[in-house]
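File shown: coords12.cif (mmCIF, C-alpha atoms and all ligand atoms).
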```cif
data_model
#
loop_
_atom_site.label_atom_id
_atom_site.label_comp_id
_atom_site.auth_asym_id
_atom_site.auth_seq_id
_atom_site.Cartn_x
_atom_site.Cartn_y
_atom_site.Cartn_z
CA MET A 1 8.06 131.18 -59.23
CA ARG A 2 4.92 132.62 -57.67
CA ASN A 3 1.86 130.95 -59.18
CA LEU A 4 2.01 127.20 -58.79
CA MET A 5 -0.39 124.66 -60.22
CA VAL A 6 -0.25 121.55 -58.04
CA THR A 7 -1.80 118.67 -59.96
CA GLY A 8 -3.00 115.83 -57.73
CA GLY A 9 -2.99 118.32 -54.84
CA ALA A 10 -6.05 116.74 -53.20
CA GLY A 11 -4.19 113.47 -52.59
CA PHE A 12 -1.90 112.48 -49.74
CA ILE A 13 1.47 114.05 -50.56
CA GLY A 14 0.05 116.82 -52.75
CA SER A 15 -2.18 118.18 -49.96
CA ASN A 16 0.70 118.13 -47.47
CA PHE A 17 2.85 119.97 -50.04
CA VAL A 18 0.21 122.66 -50.67
CA ARG A 19 -0.14 123.34 -46.93
CA TYR A 20 3.64 123.40 -46.47
CA MET A 21 4.27 125.81 -49.36
CA LEU A 22 1.46 128.26 -48.51
CA LYS A 23 2.69 128.42 -44.91
CA LYS A 24 6.32 128.91 -45.94
CA TYR A 25 5.94 131.40 -48.81
CA ALA A 26 3.58 134.27 -48.02
CA ASP A 27 3.71 135.55 -51.62
CA TYR A 28 2.91 132.24 -53.37
CA ARG A 29 -0.47 131.39 -54.82
CA ILE A 30 -1.48 127.81 -55.50
CA VAL A 31 -4.18 126.36 -57.69
CA VAL A 32 -4.84 122.69 -57.03
CA TYR A 33 -5.92 120.82 -60.16
CA ASP A 34 -7.33 117.40 -59.34
CA LYS A 35 -9.78 114.91 -60.79
CA LEU A 36 -10.88 113.75 -57.33
CA THR A 37 -10.55 110.02 -57.94
CA TYR A 38 -11.24 107.68 -55.00
CA ALA A 39 -7.87 108.88 -53.59
CA GLY A 40 -8.54 112.60 -54.03
CA ASN A 41 -10.33 114.12 -51.07
CA LEU A 42 -11.23 117.73 -50.33
CA ASP A 43 -11.17 116.87 -46.61
CA ASN A 44 -7.37 116.83 -47.05
CA LEU A 45 -7.47 120.54 -47.93
CA LYS A 46 -10.27 121.70 -45.62
CA ASP A 47 -7.97 123.71 -43.34
CA VAL A 48 -6.00 125.05 -46.33
CA ALA A 49 -9.17 126.50 -47.88
CA GLU A 50 -10.03 128.10 -44.51
CA ASP A 51 -6.54 129.42 -43.66
CA PHE A 52 -5.29 130.49 -47.10
CA GLY A 53 -8.52 131.17 -49.03
CA GLY A 54 -7.10 134.28 -50.76
CA ARG A 55 -4.05 132.47 -52.15
CA TYR A 56 -5.57 129.07 -52.81
CA ALA A 57 -7.95 127.89 -55.51
CA PHE A 58 -9.28 124.51 -56.58
CA VAL A 59 -10.10 123.31 -60.10
CA LYS A 60 -11.67 119.91 -60.66
CA GLY A 61 -10.15 118.37 -63.78
CA ASP A 62 -8.31 115.48 -65.38
CA ILE A 63 -4.64 115.97 -66.34
CA CYS A 64 -5.38 114.02 -69.53
CA ASP A 65 -7.84 116.71 -70.62
CA ALA A 66 -5.60 119.23 -72.43
CA GLU A 67 -8.26 121.91 -72.81
CA THR A 68 -9.15 122.06 -69.13
CA VAL A 69 -5.49 122.01 -68.12
CA ARG A 70 -4.69 124.93 -70.46
CA ALA A 71 -7.70 126.92 -69.29
CA ALA A 72 -6.60 126.53 -65.66
CA VAL A 73 -3.01 127.56 -66.45
CA GLN A 74 -4.27 130.65 -68.26
CA ALA A 75 -6.91 131.63 -65.71
CA HIS A 76 -4.46 131.43 -62.81
CA ALA A 77 -1.40 132.87 -64.61
CA VAL A 78 0.51 129.72 -63.67
CA ASP A 79 4.32 129.86 -63.99
CA THR A 80 5.15 126.46 -62.45
CA ILE A 81 3.53 123.02 -62.51
CA VAL A 82 4.28 120.50 -59.78
CA ASN A 83 2.76 117.19 -60.83
CA PHE A 84 1.64 114.79 -58.10
CA ALA A 85 -1.35 113.47 -60.06
CA ALA A 86 -1.07 109.74 -60.64
CA ALA A 87 -2.67 106.41 -60.07
CA THR A 88 -0.45 105.33 -57.18
CA HIS A 89 -1.23 101.95 -55.62
CA VAL A 90 0.86 99.01 -56.86
CA ASP A 91 -1.83 96.40 -56.00
CA ARG A 92 -4.46 98.28 -58.01
CA SER A 93 -2.03 98.45 -60.95
CA LEU A 94 -1.97 94.65 -60.91
CA MET A 95 -5.79 94.53 -61.02
CA GLU A 96 -6.49 97.35 -63.53
CA PRO A 97 -3.41 98.81 -65.25
CA ASP A 98 -5.33 101.04 -67.74
CA GLU A 99 -5.74 104.03 -65.46
CA PHE A 100 -2.02 103.91 -64.59
CA ILE A 101 -0.93 104.11 -68.21
CA ARG A 102 -3.50 106.80 -68.96
CA THR A 103 -2.78 109.16 -66.08
CA ASP A 104 0.90 108.48 -65.35
CA VAL A 105 2.10 108.47 -68.98
CA GLN A 106 -0.51 110.26 -71.14
CA GLY A 107 -1.36 112.74 -68.38
CA THR A 108 2.31 113.62 -67.89
CA TYR A 109 2.61 114.20 -71.64
CA VAL A 110 -0.38 116.58 -71.61
CA LEU A 111 1.15 118.59 -68.76
CA LEU A 112 4.54 118.74 -70.49
CA GLU A 113 2.90 119.96 -73.71
CA THR A 114 1.18 122.65 -71.65
CA ALA A 115 4.46 123.67 -69.98
CA LYS A 116 6.01 123.93 -73.45
CA ALA A 117 3.12 125.89 -74.98
CA PHE A 118 3.04 128.44 -72.14
CA GLY A 119 6.84 128.65 -71.70
CA LEU A 120 6.51 127.87 -67.98
CA GLU A 121 9.42 128.61 -65.62
CA ARG A 122 9.47 125.05 -64.30
CA TYR A 123 7.76 121.69 -64.65
CA HIS A 124 8.45 119.41 -61.68
CA GLN A 125 7.60 115.73 -61.80
CA ILE A 126 7.00 113.72 -58.63
CA SER A 127 8.42 110.30 -59.31
CA THR A 128 9.34 107.29 -57.23
CA ASP A 129 12.22 105.03 -56.19
CA GLU A 130 10.22 102.19 -57.79
CA VAL A 131 11.48 103.20 -61.26
CA TYR A 132 14.84 101.56 -60.45
CA GLY A 133 13.14 98.23 -59.73
CA GLU A 134 14.12 96.05 -56.80
CA VAL A 135 17.64 96.62 -55.52
CA LEU A 136 18.93 93.60 -53.60
CA ASP A 137 22.37 95.11 -52.92
CA GLY A 138 23.77 98.61 -52.92
CA ARG A 139 21.84 101.83 -53.59
CA SER A 140 20.26 103.36 -56.69
CA LYS A 141 21.92 106.44 -58.12
CA GLU A 142 20.06 108.84 -60.42
CA THR A 143 22.19 107.65 -63.37
CA ASP A 144 21.20 103.98 -62.91
CA PRO A 145 19.07 102.38 -65.63
CA LEU A 146 15.33 102.15 -64.96
CA HIS A 147 14.30 98.56 -64.42
CA THR A 148 10.59 98.54 -63.58
CA ARG A 149 8.63 95.42 -62.64
CA SER A 150 4.99 96.44 -61.98
CA PRO A 151 2.49 98.29 -64.21
CA TYR A 152 2.63 101.15 -61.68
CA SER A 153 6.40 101.55 -61.78
CA ALA A 154 6.50 101.06 -65.55
CA SER A 155 3.96 103.86 -65.97
CA LYS A 156 5.89 106.16 -63.63
CA ALA A 157 9.10 105.42 -65.56
CA GLY A 158 7.24 106.32 -68.77
CA GLY A 159 6.41 109.69 -67.21
CA ASP A 160 10.06 110.25 -66.18
CA LEU A 161 11.35 109.43 -69.65
CA MET A 162 8.83 111.78 -71.25
CA CYS A 163 10.06 114.56 -68.91
CA ILE A 164 13.66 114.01 -70.01
CA ALA A 165 12.50 113.94 -73.65
CA TYR A 166 10.79 117.33 -73.28
CA TYR A 167 13.87 118.80 -71.63
CA THR A 168 16.20 117.43 -74.32
CA SER A 169 14.04 118.09 -77.36
CA PHE A 170 12.20 121.28 -76.42
CA ASP A 171 14.18 122.87 -73.54
CA VAL A 172 11.25 122.58 -71.16
CA PRO A 173 12.85 123.28 -67.73
CA VAL A 174 12.01 119.97 -66.11
CA THR A 175 13.15 118.59 -62.75
CA ILE A 176 12.28 115.22 -61.24
CA THR A 177 12.34 113.89 -57.67
CA ARG A 178 12.27 110.13 -57.06
CA GLY A 179 10.87 109.67 -53.58
CA SER A 180 10.76 106.65 -51.30
CA ASN A 181 7.65 105.51 -49.34
CA ASN A 182 5.95 108.42 -47.60
CA ILE A 183 4.05 108.17 -44.33
CA GLY A 184 2.08 110.79 -42.41
CA PRO A 185 -1.30 112.56 -42.31
CA TYR A 186 -4.01 112.04 -44.97
CA GLN A 187 -2.64 108.87 -46.61
CA TYR A 188 -5.42 106.78 -48.13
CA PRO A 189 -5.73 103.61 -46.01
CA GLU A 190 -4.96 101.21 -48.86
CA LYS A 191 -1.21 101.87 -48.36
CA VAL A 192 0.36 99.62 -45.76
CA VAL A 193 1.07 102.06 -42.93
CA PRO A 194 -2.36 103.74 -42.60
CA LEU A 195 -4.02 100.37 -43.34
CA PHE A 196 -2.16 98.64 -40.51
CA ILE A 197 -2.59 101.51 -38.03
CA THR A 198 -6.34 101.80 -38.60
CA ASN A 199 -6.90 98.01 -38.63
CA ALA A 200 -4.93 97.70 -35.38
CA ILE A 201 -6.95 100.47 -33.72
CA ASP A 202 -10.04 98.36 -34.49
CA ASP A 203 -8.35 95.06 -33.43
CA LYS A 204 -8.63 93.76 -37.02
CA PRO A 205 -5.97 91.56 -38.69
CA LEU A 206 -2.93 93.16 -40.33
CA PRO A 207 -2.45 91.40 -43.71
CA LEU A 208 1.33 91.11 -44.03
CA TYR A 209 2.52 90.03 -47.49
CA GLY A 210 4.86 87.04 -47.76
CA ASP A 211 7.43 86.69 -45.01
CA GLY A 212 7.48 90.41 -44.16
CA SER A 213 11.19 90.68 -44.88
CA GLN A 214 10.77 93.16 -47.75
CA MET A 215 12.33 96.55 -47.11
CA ARG A 216 11.17 100.06 -47.75
CA ASP A 217 12.65 103.47 -46.94
CA TYR A 218 9.69 104.94 -45.00
CA GLN A 219 10.08 108.73 -44.83
CA HIS A 220 7.87 111.39 -43.24
CA VAL A 221 5.80 113.20 -45.86
CA ILE A 222 6.97 116.61 -44.63
CA ASP A 223 10.60 115.67 -45.29
CA HIS A 224 9.56 114.73 -48.82
CA CYS A 225 7.79 118.10 -49.25
CA GLU A 226 10.89 119.97 -48.02
CA GLY A 227 13.03 118.07 -50.53
CA ILE A 228 10.69 118.97 -53.40
CA ASP A 229 10.86 122.62 -52.31
CA VAL A 230 14.69 122.47 -52.31
CA VAL A 231 14.77 120.98 -55.82
CA LEU A 232 12.25 123.54 -57.09
CA HIS A 233 14.50 126.36 -55.91
CA LYS A 234 17.99 124.92 -56.24
CA GLY A 235 17.66 121.96 -58.62
CA VAL A 236 19.13 121.99 -62.10
CA PRO A 237 16.74 121.59 -65.06
CA GLY A 238 17.12 118.27 -66.83
CA GLN A 239 18.15 116.53 -63.58
CA ALA A 240 16.52 113.88 -61.37
CA TYR A 241 17.07 113.77 -57.59
CA ASN A 242 16.56 110.79 -55.28
CA LEU A 243 14.64 111.73 -52.15
CA GLY A 244 14.47 109.51 -49.05
CA THR A 245 16.17 108.93 -45.71
CA GLY A 246 18.68 106.50 -47.24
CA ALA A 247 17.82 103.88 -44.56
CA GLU A 248 15.47 100.90 -44.97
CA THR A 249 13.15 99.12 -42.56
CA ARG A 250 11.78 95.57 -42.96
CA ASN A 251 7.98 95.42 -43.19
CA ILE A 252 7.83 93.12 -40.18
CA ASP A 253 9.74 95.69 -38.10
CA MET A 254 7.46 98.49 -39.32
CA THR A 255 4.46 96.32 -38.30
CA HIS A 256 5.91 95.64 -34.83
CA ALA A 257 6.57 99.37 -34.38
CA ILE A 258 2.90 100.18 -35.11
CA LEU A 259 1.58 97.48 -32.76
CA ASP A 260 3.96 98.51 -29.97
CA LEU A 261 3.02 102.20 -30.28
CA LEU A 262 -0.67 101.27 -30.05
CA GLY A 263 -0.15 98.70 -27.28
CA LYS A 264 -1.70 95.96 -29.45
CA PRO A 265 -0.68 92.27 -29.57
CA ARG A 266 1.46 90.77 -32.33
CA THR A 267 -1.20 88.10 -32.79
CA LEU A 268 -3.03 90.67 -34.95
CA ILE A 269 -0.48 89.98 -37.73
CA GLN A 270 -2.08 87.81 -40.42
CA PRO A 271 0.35 86.45 -43.03
CA VAL A 272 -1.25 86.56 -46.50
CA ARG A 273 -0.27 85.43 -50.01
CA ASP A 274 2.48 87.64 -51.37
CA ARG A 275 2.02 90.44 -53.94
CA PRO A 276 2.92 89.09 -57.42
CA GLY A 277 6.31 90.43 -58.52
CA HIS A 278 6.81 91.98 -55.07
CA ASP A 279 10.01 94.06 -55.09
CA ARG A 280 12.04 92.96 -52.07
CA ARG A 281 13.98 96.12 -51.50
CA TYR A 282 14.33 99.70 -52.68
CA ALA A 283 17.35 101.67 -51.51
CA LEU A 284 18.37 105.15 -52.58
CA ASP A 285 21.66 106.94 -52.69
CA VAL A 286 20.59 110.42 -51.57
CA SER A 287 23.94 112.20 -51.80
CA LYS A 288 22.85 114.34 -54.77
CA ILE A 289 19.96 116.04 -52.96
CA ARG A 290 21.99 116.27 -49.75
CA ALA A 291 24.54 118.30 -51.74
CA LEU A 292 21.74 120.88 -52.31
CA GLY A 293 21.49 121.31 -48.53
CA TRP A 294 18.52 119.02 -47.82
CA GLU A 295 18.54 116.35 -45.15
CA PRO A 296 15.75 114.24 -43.66
CA GLY A 297 14.16 115.78 -40.57
CA HIS A 298 12.87 112.52 -39.07
CA THR A 299 14.19 109.03 -38.42
CA PHE A 300 11.85 106.11 -39.13
CA LYS A 301 11.14 105.84 -35.39
CA GLU A 302 10.10 109.50 -35.16
CA ALA A 303 8.09 109.41 -38.39
CA ILE A 304 6.09 106.31 -37.44
CA ALA A 305 5.33 107.67 -33.94
CA LEU A 306 3.99 110.95 -35.40
CA THR A 307 2.00 109.02 -37.99
CA VAL A 308 0.36 106.67 -35.47
CA ARG A 309 -0.54 109.68 -33.30
CA TRP A 310 -2.21 111.44 -36.23
CA TYR A 311 -4.48 108.48 -37.11
CA VAL A 312 -5.39 108.03 -33.44
CA ASP A 313 -6.35 111.72 -33.27
CA ASN A 314 -8.12 111.94 -36.63
CA GLU A 315 -10.68 109.15 -36.81
CA TRP A 316 -13.10 111.65 -38.43
CA TRP A 317 -10.87 111.54 -41.50
CA TRP A 318 -10.33 107.80 -42.05
CA ARG A 319 -13.54 106.25 -40.68
CA LYS A 320 -15.53 108.03 -43.41
CA ILE A 321 -13.28 106.45 -46.07
CA LYS A 322 -13.11 102.96 -44.59
CA SER A 323 -16.87 102.68 -44.13
CA GLY A 324 -17.55 103.68 -47.76
CA GLU A 325 -18.70 101.18 -50.40
CA HIS A 326 -15.68 101.79 -52.67
CA TYR A 327 -13.23 100.95 -49.92
CA GLN A 328 -15.14 97.92 -48.65
CA GLU A 329 -15.37 96.45 -52.15
CA TYR A 330 -11.67 97.03 -52.77
CA TYR A 331 -10.80 95.38 -49.43
CA ARG A 332 -12.87 92.30 -50.27
CA GLN A 333 -11.28 91.95 -53.70
CA GLN A 334 -7.77 92.43 -52.38
CA TYR A 335 -7.80 90.38 -49.18
CA ALA A 336 -10.70 87.90 -49.05
CA GLY A 337 -9.41 84.31 -48.89
CA ARG A 338 -5.76 85.39 -49.03
CA GLU A 339 -4.77 84.16 -45.57
CA VAL A 340 -1.81 81.80 -45.26
CA LYS A 341 -1.94 79.44 -42.27
P1 LIG B 1 -2.64 109.68 -53.90
O1 LIG B 1 -3.15 108.46 -54.56
O2 LIG B 1 -2.91 109.92 -52.46
O3 LIG B 1 -3.16 110.97 -54.68
C1 LIG B 1 -3.18 111.06 -56.08
C2 LIG B 1 -3.99 112.31 -56.43
O4 LIG B 1 -3.99 112.45 -57.87
C3 LIG B 1 -5.46 112.24 -56.01
O5 LIG B 1 -5.85 113.44 -55.43
C4 LIG B 1 -6.21 111.96 -57.30
O6 LIG B 1 -7.53 112.47 -57.30
C5 LIG B 1 -5.31 112.69 -58.30
N1 LIG B 1 -5.45 112.16 -59.66
C6 LIG B 1 -5.35 110.86 -60.06
N2 LIG B 1 -5.54 110.77 -61.39
C7 LIG B 1 -5.74 112.04 -61.84
C8 LIG B 1 -5.97 112.58 -63.12
N3 LIG B 1 -6.07 111.81 -64.23
N4 LIG B 1 -6.10 113.93 -63.23
C9 LIG B 1 -6.03 114.71 -62.12
N5 LIG B 1 -5.83 114.25 -60.89
C10 LIG B 1 -5.68 112.93 -60.75
O7 LIG B 1 -1.08 109.70 -54.21
P2 LIG B 1 0.18 110.10 -53.32
O8 LIG B 1 0.56 108.94 -52.50
O9 LIG B 1 -0.06 111.43 -52.70
O10 LIG B 1 1.28 110.24 -54.46
C11 LIG B 1 1.45 111.49 -55.15
C12 LIG B 1 2.58 111.36 -56.15
O11 LIG B 1 3.78 110.95 -55.49
C13 LIG B 1 2.34 110.29 -57.22
O12 LIG B 1 2.85 110.78 -58.43
C14 LIG B 1 3.14 109.09 -56.75
O13 LIG B 1 3.55 108.29 -57.84
C15 LIG B 1 4.32 109.79 -56.09
N6 LIG B 1 4.98 109.06 -55.00
C16 LIG B 1 4.26 108.57 -53.95
C17 LIG B 1 4.91 107.95 -52.88
C18 LIG B 1 4.16 107.42 -51.69
O14 LIG B 1 4.77 106.78 -50.84
N7 LIG B 1 2.88 107.66 -51.55
C19 LIG B 1 6.31 107.85 -52.90
C20 LIG B 1 7.02 108.35 -54.00
C21 LIG B 1 6.35 108.97 -55.04
O1 LIG B 2 8.43 103.44 -52.96
C1 LIG B 2 7.57 104.50 -53.28
C2 LIG B 2 6.20 103.94 -53.54
O2 LIG B 2 5.68 103.55 -52.27
C3 LIG B 2 5.25 104.89 -54.23
O3 LIG B 2 5.75 105.18 -55.51
C4 LIG B 2 3.85 104.28 -54.34
O4 LIG B 2 2.95 105.21 -54.88
C5 LIG B 2 3.39 103.88 -52.96
O5 LIG B 2 2.14 103.23 -53.04
C6 LIG B 2 4.41 102.98 -52.29
O6 LIG B 2 4.47 101.68 -52.94
P1 LIG B 2 4.65 100.34 -52.09
O7 LIG B 2 4.16 99.20 -52.89
O8 LIG B 2 6.03 100.26 -51.52
O9 LIG B 2 3.66 100.70 -50.87
P2 LIG B 2 2.54 99.85 -50.11
O10 LIG B 2 2.12 100.67 -48.94
O11 LIG B 2 1.51 99.32 -51.01
O12 LIG B 2 3.40 98.61 -49.57
C7 LIG B 2 4.53 98.82 -48.74
C8 LIG B 2 5.09 97.44 -48.39
O13 LIG B 2 4.15 96.75 -47.56
C9 LIG B 2 5.34 96.55 -49.59
O14 LIG B 2 6.51 95.79 -49.37
C10 LIG B 2 4.11 95.65 -49.62
C11 LIG B 2 3.72 95.51 -48.15
N1 LIG B 2 2.28 95.36 -47.89
C12 LIG B 2 1.42 96.24 -48.47
C13 LIG B 2 0.06 96.14 -48.24
C14 LIG B 2 -0.90 97.10 -48.89
C15 LIG B 2 1.82 94.37 -47.03
O15 LIG B 2 2.62 93.59 -46.48
N2 LIG B 2 0.48 94.28 -46.80
C16 LIG B 2 -0.44 95.12 -47.38
O16 LIG B 2 -1.65 94.95 -47.13
#
```

Take the structure from the file and write it as structure tokens.
Amino acid sequence: MRNLMVTGGAGFIGSNFVRYMLKKYADYRIVVYDKLTYAGNLDNLKDVAEDFGGRYAFVKGDICDAETVRAAVQAHAVDTIVNFAAATHVDRSLMEPDEFIRTDVQGTYVLLETAKAFGLERYHQISTDEVYGEVLDGRSKETDPLHTRSPYSASKAGGDLMCIAYYTSFDVPVTITRGSNNIGPYQYPEKVVPLFITNAIDDKPLPLYGDGSQMRDYQHVIDHCEGIDVVLHKGVPGQAYNLGTGAETRNIDMTHAILDLLGKPRTLIQPVRDRPGHDRRYALDVSKIRALGWEPGHTFKEAIALTVRWYVDNEWWWRKIKSGEHYQEYYRQQYAGREVK
């Protein structure tokens, strides 16, 4: 494993992963392959291009476009694909599911076909705890049935199943990680944590869905990247690995943590109509990846403090996005008239 193609590497987790891997492995080269959708942003990789120019390359392309994918694999002598590319926001999947099915299912198939055709050393799929559906009691194990409830999670599950099919039918050396909610630098401010932090900085309302009692396992993005690295090097082909802290936080408590860290009043919380089909809780059993030697480096409290600090220090990054027409239009569609008294 020396020449990685990181698809979706200009997004939130992908860009953190590229930086992490180039810093850690002095002999690795990475080509980022990304379509640059609204969520893809070369600002996320600005320092990477400056610091690792000789070992880093960027190709603009769609993972559904087989010819461009193959050309990039050939041109960069790729031996490993790590696929982060996806349509990722649950609320958008409720508004316009097409792009989710196209990229998360069809795109995964195109990459798997490429891995098969070139006999790659590894194909790693970045998946999500959402494929198990909501888990009201207990914790999801990798062997649990997939029970998806939103177009996003159904599309991601389609990608996972295709990975297993390519391993079983064609011996493509596939591994999968199913991560919980990531937080940290460069997360597009449609996701709840960067949305709430940046709204609170500007004294704008924080639109909390429903009663705020839903639970998520918020993990620091760097812990997620370390876990992917561990599975790439020690994981067994054909296997999936859950990846999260194994502890959940209620959304209302996450919101209070953000307001307290910023010294802002709780009156900024604005209850809004709930997300349709909102999964109340995800909870992972992470014993399988822990057995490979990985453990989370941050508690929720540490991760949220680091994350708030980053958005306070990096207004240059998010103000550009939030003032753009695409973002403003999305915000209107998503939140206008949704307040609950
Ligand atoms: P993101 O939305 O920030 O980034 C997605 C990236 O994929 C963008 O750079 C975008 O331009 C690119 N992309 C989208 N469609 C593409 C296409 N057709 N061809 C090429 N590139 C395309 O996403 P993220 O939050 O960084 O998530 C990355 C991966 O991790 C996704 O697969 C997601 O399902 C998974 N995941 C995310 C979380 C989370 O909390 N954010 C948790 C678990 C798993
Ligand atoms: O669990 C992993 C998943 O986490 C990833 O697979 C997805 O790509 C990622 O988007 C994320 O999905 P969620 O739906 O959990 O994340 P989101 O940030 O959209 O919402 C987190 C919680 O906060 C959820 O319970 C809904 C709630 N929420 C969200 C938004 C955007 C609000 O209360 N208000 C909001 O405005």

Each stretch 41-152 of chain A residue no farther than 12 Å from stretch 11-33 of chain A, nearest pair in Å, all atoms listed in the file, as a tab-separated table:
```
residue	atom	partner	partner_atom	distance
A:Asn41	CA	A:Gly11	CA	6.4
A:Leu42	CA	A:Gly11	CA	8.5
A:Asp43	CA	A:Ser15	CA	9.7
A:Asn44	CA	A:Ser15	CA	6.1
A:Leu45	CA	A:Ser15	CA	6.1
A:Lys46	CA	A:Ser15	CA	9.8
A:Asp47	CA	A:Arg19	CA	8.6
A:Val48	CA	A:Arg19	CA	6.1
A:Ala49	CA	A:Arg19	CA	9.6
A:Glu50	CA	A:Arg19	CA	11.2
A:Asp51	CA	A:Lys23	CA	9.4
A:Phe52	CA	A:Leu22	CA	7.2
A:Gly53	CA	A:Arg29	CA	9.9
A:Gly54	CA	A:Arg29	CA	8.3
A:Arg55	CA	A:Arg29	CA	4.6
A:Tyr56	CA	A:Ile30	CA	5.1
A:Ala57	CA	A:Val31	CA	4.6
A:Phe58	CA	A:Val32	CA	4.8
A:Val59	CA	A:Tyr33	CA	4.9
A:Lys60	CA	A:Tyr33	CA	5.8
A:Gly61	CA	A:Tyr33	CA	6.1
A:Asp62	CA	A:Tyr33	CA	7.8
A:Ile63	CA	A:Tyr33	CA	8.0
A:Cys64	CA	A:Tyr33	CA	11.6
A:Asp65	CA	A:Tyr33	CA	11.4
A:Thr68	CA	A:Tyr33	CA	9.6
A:Val69	CA	A:Tyr33	CA	8.1
A:Arg70	CA	A:Tyr33	CA	11.2
A:Ala71	CA	A:Tyr33	CA	11.1
A:Ala72	CA	A:Tyr33	CA	8.0
A:Val73	CA	A:Val31	CA	8.9
A:Gln74	CA	A:Val31	CA	11.4
A:Ala75	CA	A:Val31	CA	10.0
A:His76	CA	A:Val31	CA	7.2
A:Ala77	CA	A:Val31	CA	9.9
A:Val78	CA	A:Val31	CA	8.3
A:Asp79	CA	A:Arg29	CA	10.5
A:Thr80	CA	A:Ile30	CA	9.7
A:Ile81	CA	A:Val31	CA	9.7
A:Val82	CA	A:Gly14	CA	9.0
A:Asn83	CA	A:Gly14	CA	8.5
A:Phe84	CA	A:Gly14	CA	5.9
A:Ala85	CA	A:Gly11	CA	8.0
A:Ala86	CA	A:Gly11	CA	9.4
A:Ala87	CA	A:Gly11	CA	10.4
A:Thr88	CA	A:Gly11	CA	10.1
A:Leu111	CA	A:Tyr33	CA	11.4
A:Gln125	CA	A:Gly14	CA	11.8
A:Ile126	CA	A:Gly14	CA	9.6
A:Ser127	CA	A:Ile13	CA	11.8
```

Which residues sit within 6 Å of ligand LIG 2 (chain B), counting all atoms listed in the file, listed as a ChimeraX atom specification?
/A:88-90,128-130,180-181,190-192,207-209,214,251

Quick one: residues within 7 Å of A:Leu243, all atoms listed in the file, excluding same-chain residues fewer than 4 positions away - as a PyMOL selection string?
chain A and resi 177-180+224+227+286+289

For A:Val135, list every protein, DNA or RNA residue within 10 Å, evaluated using only C-alpha atoms, and leave out those in the same chain fewer than 2 positions away; present the list as a PyMOL selection string.
chain A and resi 130+132-133+137-140+147+215+279-284

The selected residues should be written to file as a compact mmCIF listing (two decimals), in the coordinates of the input (atoms: C-alpha atoms).
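Listed below is the output, result.txt:
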```txt
# COMPACT_ATOMS: atom_id res chain seq x y z
CA GLU A 130 10.22 102.19 -57.79
CA TYR A 132 14.84 101.56 -60.45
CA GLY A 133 13.14 98.23 -59.73
CA ASP A 137 22.37 95.11 -52.92
CA GLY A 138 23.77 98.61 -52.92
CA ARG A 139 21.84 101.83 -53.59
CA SER A 140 20.26 103.36 -56.69
CA HIS A 147 14.30 98.56 -64.42
CA MET A 215 12.33 96.55 -47.11
CA ASP A 279 10.01 94.06 -55.09
CA ARG A 280 12.04 92.96 -52.07
CA ARG A 281 13.98 96.12 -51.50
CA TYR A 282 14.33 99.70 -52.68
CA ALA A 283 17.35 101.67 -51.51
CA LEU A 284 18.37 105.15 -52.58
```

Env of A:Gly158: 6 Å cut, atoms = only C-alpha atoms, seq-sep filter 3 positions within chain, self excluded. Answer as a list in words.
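The contact residues come out as Val105, Ser155 and Leu161 of chain A.
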